[in-house]
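> A single structure is presented below for examination.
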Amino acid sequence: MSAARPPIHTLTLEELETWLTAAGEPKYRAGQLAQWLYAKRAKSFGAMTDQPAALRERLAAEFLCDALEQVRVLGSEDTTRKYLFRLADGALIESVLIPASPALYGEPSDRRTLCVSTQVGCAYGCKFCASGLDGFARNLGPHEIVGQFLRVEELSGEKINNLVFMGMGEPLANFAHLMKAIAILNAPWGLGVGARHITISTSGLAPQIRQLAEQPLQVRLAVSLHGATDEVRQQIMPVNRKYPVAELLAACAFYTERKKQRITFEYILIEGVNDRPEDAAALARLVRKVNAKVNCIPYNIVEGLDWKRPSERRQDDFMAVLENARVPATIRREKGHDIAAACGQLRRQTMSPS
Ligand code: SAH
Ligand code: SF4
């Protein structure tokens, strides 16, 4: 019977209303239910004490109200913390909680970012990434995406005010569930995270970038470029064969135009692959075409893969080329390097303990 019960955290307010109306209940109970689920964080229908007992029983018979099961947590307060969760079918996923300003200047951080997963594994197989190493298992449901937020807030006792879809998986390959999860995360009746505080990262699915541009929500878009020419990019990202740089760039231009919003290109610096000064010059030319900005990330070593992070000197030289070309660019010296923070790594360690 439980296999047939959908999780309650997959329903929008409208869908709750539809269900309640069909069940002969007043519509206003949908707002009350949403409040129990997202404001009061009820973990069972039994806890919803102002609801009639018969309705609570009926809800429990029709829906699941489960939280994600925590398997491991790495890191500690004031640092990057990584959570490993087991889903109902046994699959493992990760979420990473990142404080914005580490206590370097002695002030507490007021902005906490959660990096969420959208799939179990990933089908895109970027050569440098731990998430793609074991292939793709399945899409996450909206409740499993929203569930990461709920559970990490609960376990950490912190309020999350920023969301990045940069965990395991390709968010735009799970488009419908992603949109539904974002609707719940963003809604005033849901978790109330502002759209401008939500960033979707994609490896460059051009058609879905255009589709996202047609959505009303002003979420932010980050595109994992990692190479400014087809030659460089397809060495490390098989997706480039399907959507080459020119096609990806056209989709990015469309997005920028539609949304009147600047996108960010993510660019991992990998020694000897994409870190030459001429790579930086090619990147600068490309970025200027769509008025984007660049976020460089020194490669995070993945166990079992041979890619290396360039020296700091080499990183600085790369950034200097971008700066001279007047391209807005930042470099993110990775937080959480020590706790296998690149996506997919903790899961691999747990699946195959060596
Ligand atoms: N699939 C989406 C989102 C998840 S990956 C995407 O590819 O954009 C989030 C980001 O982490 C991407 O920019 C990805 O390229 C980057 N990443 C993956 N492995 C990494 C590693 N070992 N070191 C640094 N960044 C990595
Ligand atoms: Fe998938 Fe993104 Fe990793 Fe590429 S970088 S394998 S798209 S999760």
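Ordered as shown in the structure tokens, chains take letters A, B, and onward, while each chain numbers its residues from 1 and ligands are numbered from 1 in the order shown.
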Using only C-alpha atoms, tabulate the residues of segment 111-151 of chain A lying at most 8 Å from any atom of segment 236-251 of chain A, each with its closest atom pair and that distance in Å to one decimal, by chain and increasing residue number, as CSV.

```
residue,atom,partner,partner_atom,distance
A:Tyr124,CA,A:Val239,CA,6.3
A:Gly125,CA,A:Pro238,CA,6.8
A:Cys126,CA,A:Met237,CA,4.6
A:Lys127,CA,A:Ile236,CA,5.0
A:Phe128,CA,A:Ile236,CA,6.8
```
> Can you tell me, as a compact mmCIF listing (two decimals) with C-alpha atoms, in the first residue's frame, which residues in segment 109-149 of chain A count as alpha helix (DSSP H) by DSSP?

```txt
# COMPACT_ATOMS: atom_id res chain seq x y z
CA PRO A 142 10.03 17.24 -5.81
CA HIS A 143 9.65 15.97 -2.23
CA GLU A 144 13.25 14.70 -2.23
CA ILE A 145 14.54 18.07 -3.42
CA VAL A 146 12.40 20.04 -0.94
CA GLY A 147 13.22 17.37 1.68
CA GLN A 148 16.94 18.22 1.53
CA PHE A 149 16.13 21.80 2.54
```
> Which value, in Å to one decimal, gives the distance between atom CA of Trp189 of chain A and atom CA of Ala67 of chain A?
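Between atom CA of Trp189 of chain A and atom CA of Ala67 of chain A the gap works out to 19.0 Å.
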> Counting only C-alpha atoms and all ligand atoms, figure out which residue out of A:Gln119, A:Thr10, A:Gln35, A:Gln51 gets nearest to ligand 1.
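Distance minimum relative to ligand 1 lands on A:Gln119.
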> Rank A:Leu140, A:Leu225, A:Val273, A:Pro6 by their smallest atom-to-atom distance to Asp306 of chain A, using only C-alpha atoms, and report the top residue only.
A:Val273
> Any residue with an atom at most 8 Å from ligand 2 counts, using only C-alpha atoms and all ligand atoms. Which are they? Put them as JSON, numbers by chain.
{"A": [121, 122, 123, 124, 125, 126, 127, 128, 129, 130, 131, 132, 133, 166, 167, 168, 169, 170, 201, 202, 203, 224, 237, 343, 344]}
> Keeping N, CA and C atoms, export the residues of the selection given above as a compact mmCIF listing (two decimals), in the first residue's frame.

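File produced: selection12.txt:
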```
# COMPACT_ATOMS: atom_id res chain seq x y z
N GLY A 121 22.97 10.13 -9.09
CA GLY A 121 23.95 9.98 -10.16
C GLY A 121 23.75 11.03 -11.23
N CYS A 122 24.42 10.87 -12.35
CA CYS A 122 24.26 11.83 -13.44
C CYS A 122 24.60 11.13 -14.75
N ALA A 123 23.81 11.43 -15.78
CA ALA A 123 23.99 10.75 -17.07
C ALA A 123 24.98 11.47 -17.98
N TYR A 124 25.47 12.65 -17.56
CA TYR A 124 26.23 13.48 -18.50
C TYR A 124 27.72 13.19 -18.53
N GLY A 125 28.18 12.49 -17.51
CA GLY A 125 29.53 11.94 -17.56
C GLY A 125 30.68 12.90 -17.83
N CYS A 126 30.64 14.09 -17.26
CA CYS A 126 31.79 14.99 -17.40
C CYS A 126 33.00 14.26 -16.81
N LYS A 127 34.13 14.39 -17.49
CA LYS A 127 35.27 13.52 -17.17
C LYS A 127 35.92 13.82 -15.81
N PHE A 128 35.65 15.03 -15.30
CA PHE A 128 36.32 15.47 -14.07
C PHE A 128 35.45 15.29 -12.83
N CYS A 129 34.23 14.80 -13.01
CA CYS A 129 33.21 14.89 -11.95
C CYS A 129 32.91 13.55 -11.30
N ALA A 130 32.82 13.54 -9.96
CA ALA A 130 32.56 12.31 -9.22
C ALA A 130 31.12 11.83 -9.40
N SER A 131 30.20 12.77 -9.63
CA SER A 131 28.78 12.39 -9.70
C SER A 131 28.46 11.51 -10.88
N GLY A 132 29.19 11.70 -11.97
CA GLY A 132 28.87 10.94 -13.17
C GLY A 132 29.56 9.58 -13.23
N LEU A 133 30.47 9.33 -12.29
CA LEU A 133 31.31 8.13 -12.39
C LEU A 133 30.53 6.82 -12.38
N MET A 166 23.53 22.72 -7.40
CA MET A 166 24.87 22.36 -7.85
C MET A 166 25.34 21.06 -7.21
N GLY A 167 24.42 20.30 -6.67
CA GLY A 167 24.78 19.01 -6.10
C GLY A 167 24.83 17.96 -7.20
N MET A 168 24.51 16.74 -6.81
CA MET A 168 24.58 15.66 -7.79
C MET A 168 23.46 15.80 -8.82
N GLY A 169 23.81 15.52 -10.08
CA GLY A 169 22.80 15.48 -11.12
C GLY A 169 22.73 16.73 -11.98
N GLU A 170 22.02 16.60 -13.08
CA GLU A 170 21.82 17.72 -14.00
C GLU A 170 20.39 18.24 -13.82
N SER A 201 22.31 25.44 -11.79
CA SER A 201 23.54 25.24 -12.56
C SER A 201 23.31 24.14 -13.58
N THR A 202 23.70 24.39 -14.83
CA THR A 202 23.53 23.37 -15.86
C THR A 202 24.82 23.15 -16.63
N SER A 203 24.99 21.92 -17.10
CA SER A 203 26.16 21.60 -17.91
C SER A 203 25.97 22.09 -19.35
N SER A 224 27.83 25.73 -16.65
CA SER A 224 29.16 25.13 -16.49
C SER A 224 29.83 25.07 -17.85
N MET A 237 33.75 17.37 -21.49
CA MET A 237 32.29 17.35 -21.35
C MET A 237 31.63 16.75 -22.59
N CYS A 343 30.85 17.67 -5.79
CA CYS A 343 29.62 16.88 -5.77
C CYS A 343 29.87 15.41 -6.06
N GLY A 344 29.17 14.57 -5.33
CA GLY A 344 29.23 13.13 -5.59
C GLY A 344 30.31 12.37 -4.83
```
> Provide the atom 9 (C, counted along the ligand's line) of ligand 1 to atom CA of Pro298 of chain A distance in Å, to one decimal place.
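About the pair atom 9 (C, counted along the ligand's line) of ligand 1 and atom CA of Pro298 of chain A: they are 13.0 Å apart.
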> Counting only C-alpha atoms and all ligand atoms, figure out which residue out of A:Ala39, A:Ala228, A:Leu172, A:Ala195 gets nearest to ligand 1.
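Of all the options, A:Leu172 lies closest to ligand 1.
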> Would you pick out the contacts of Ala61 of chain A at 12 Å or less, using only C-alpha atoms, so that residues sharing its chain but fewer than 4 positions from it are not included, and give the list as a PyMOL selection string?
chain A and resi 1-8+44-46+54-57+65
> At a cut-off of 12 Å, using only C-alpha atoms, what residues contact Ala253 of chain A? Leave out same-chain residues fewer than 6 positions from it and give the result as a list in words.
Ala206, Ile209, Arg210, Ala213, Leu221, Val223, Ala246, Glu247, Lys259, Lys260, Gln261, Arg262, Ile263, Thr264, Leu286, Val287, Arg288, Lys289, Val290, Asn291 and Ala292 of chain A
> Nearest to ligand 1: which of A:Val152, A:Ile268, A:Leu163, A:Ala91 is it, counting only C-alpha atoms and all ligand atoms?
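Smallest separation from ligand 1 among the options: A:Ile268.
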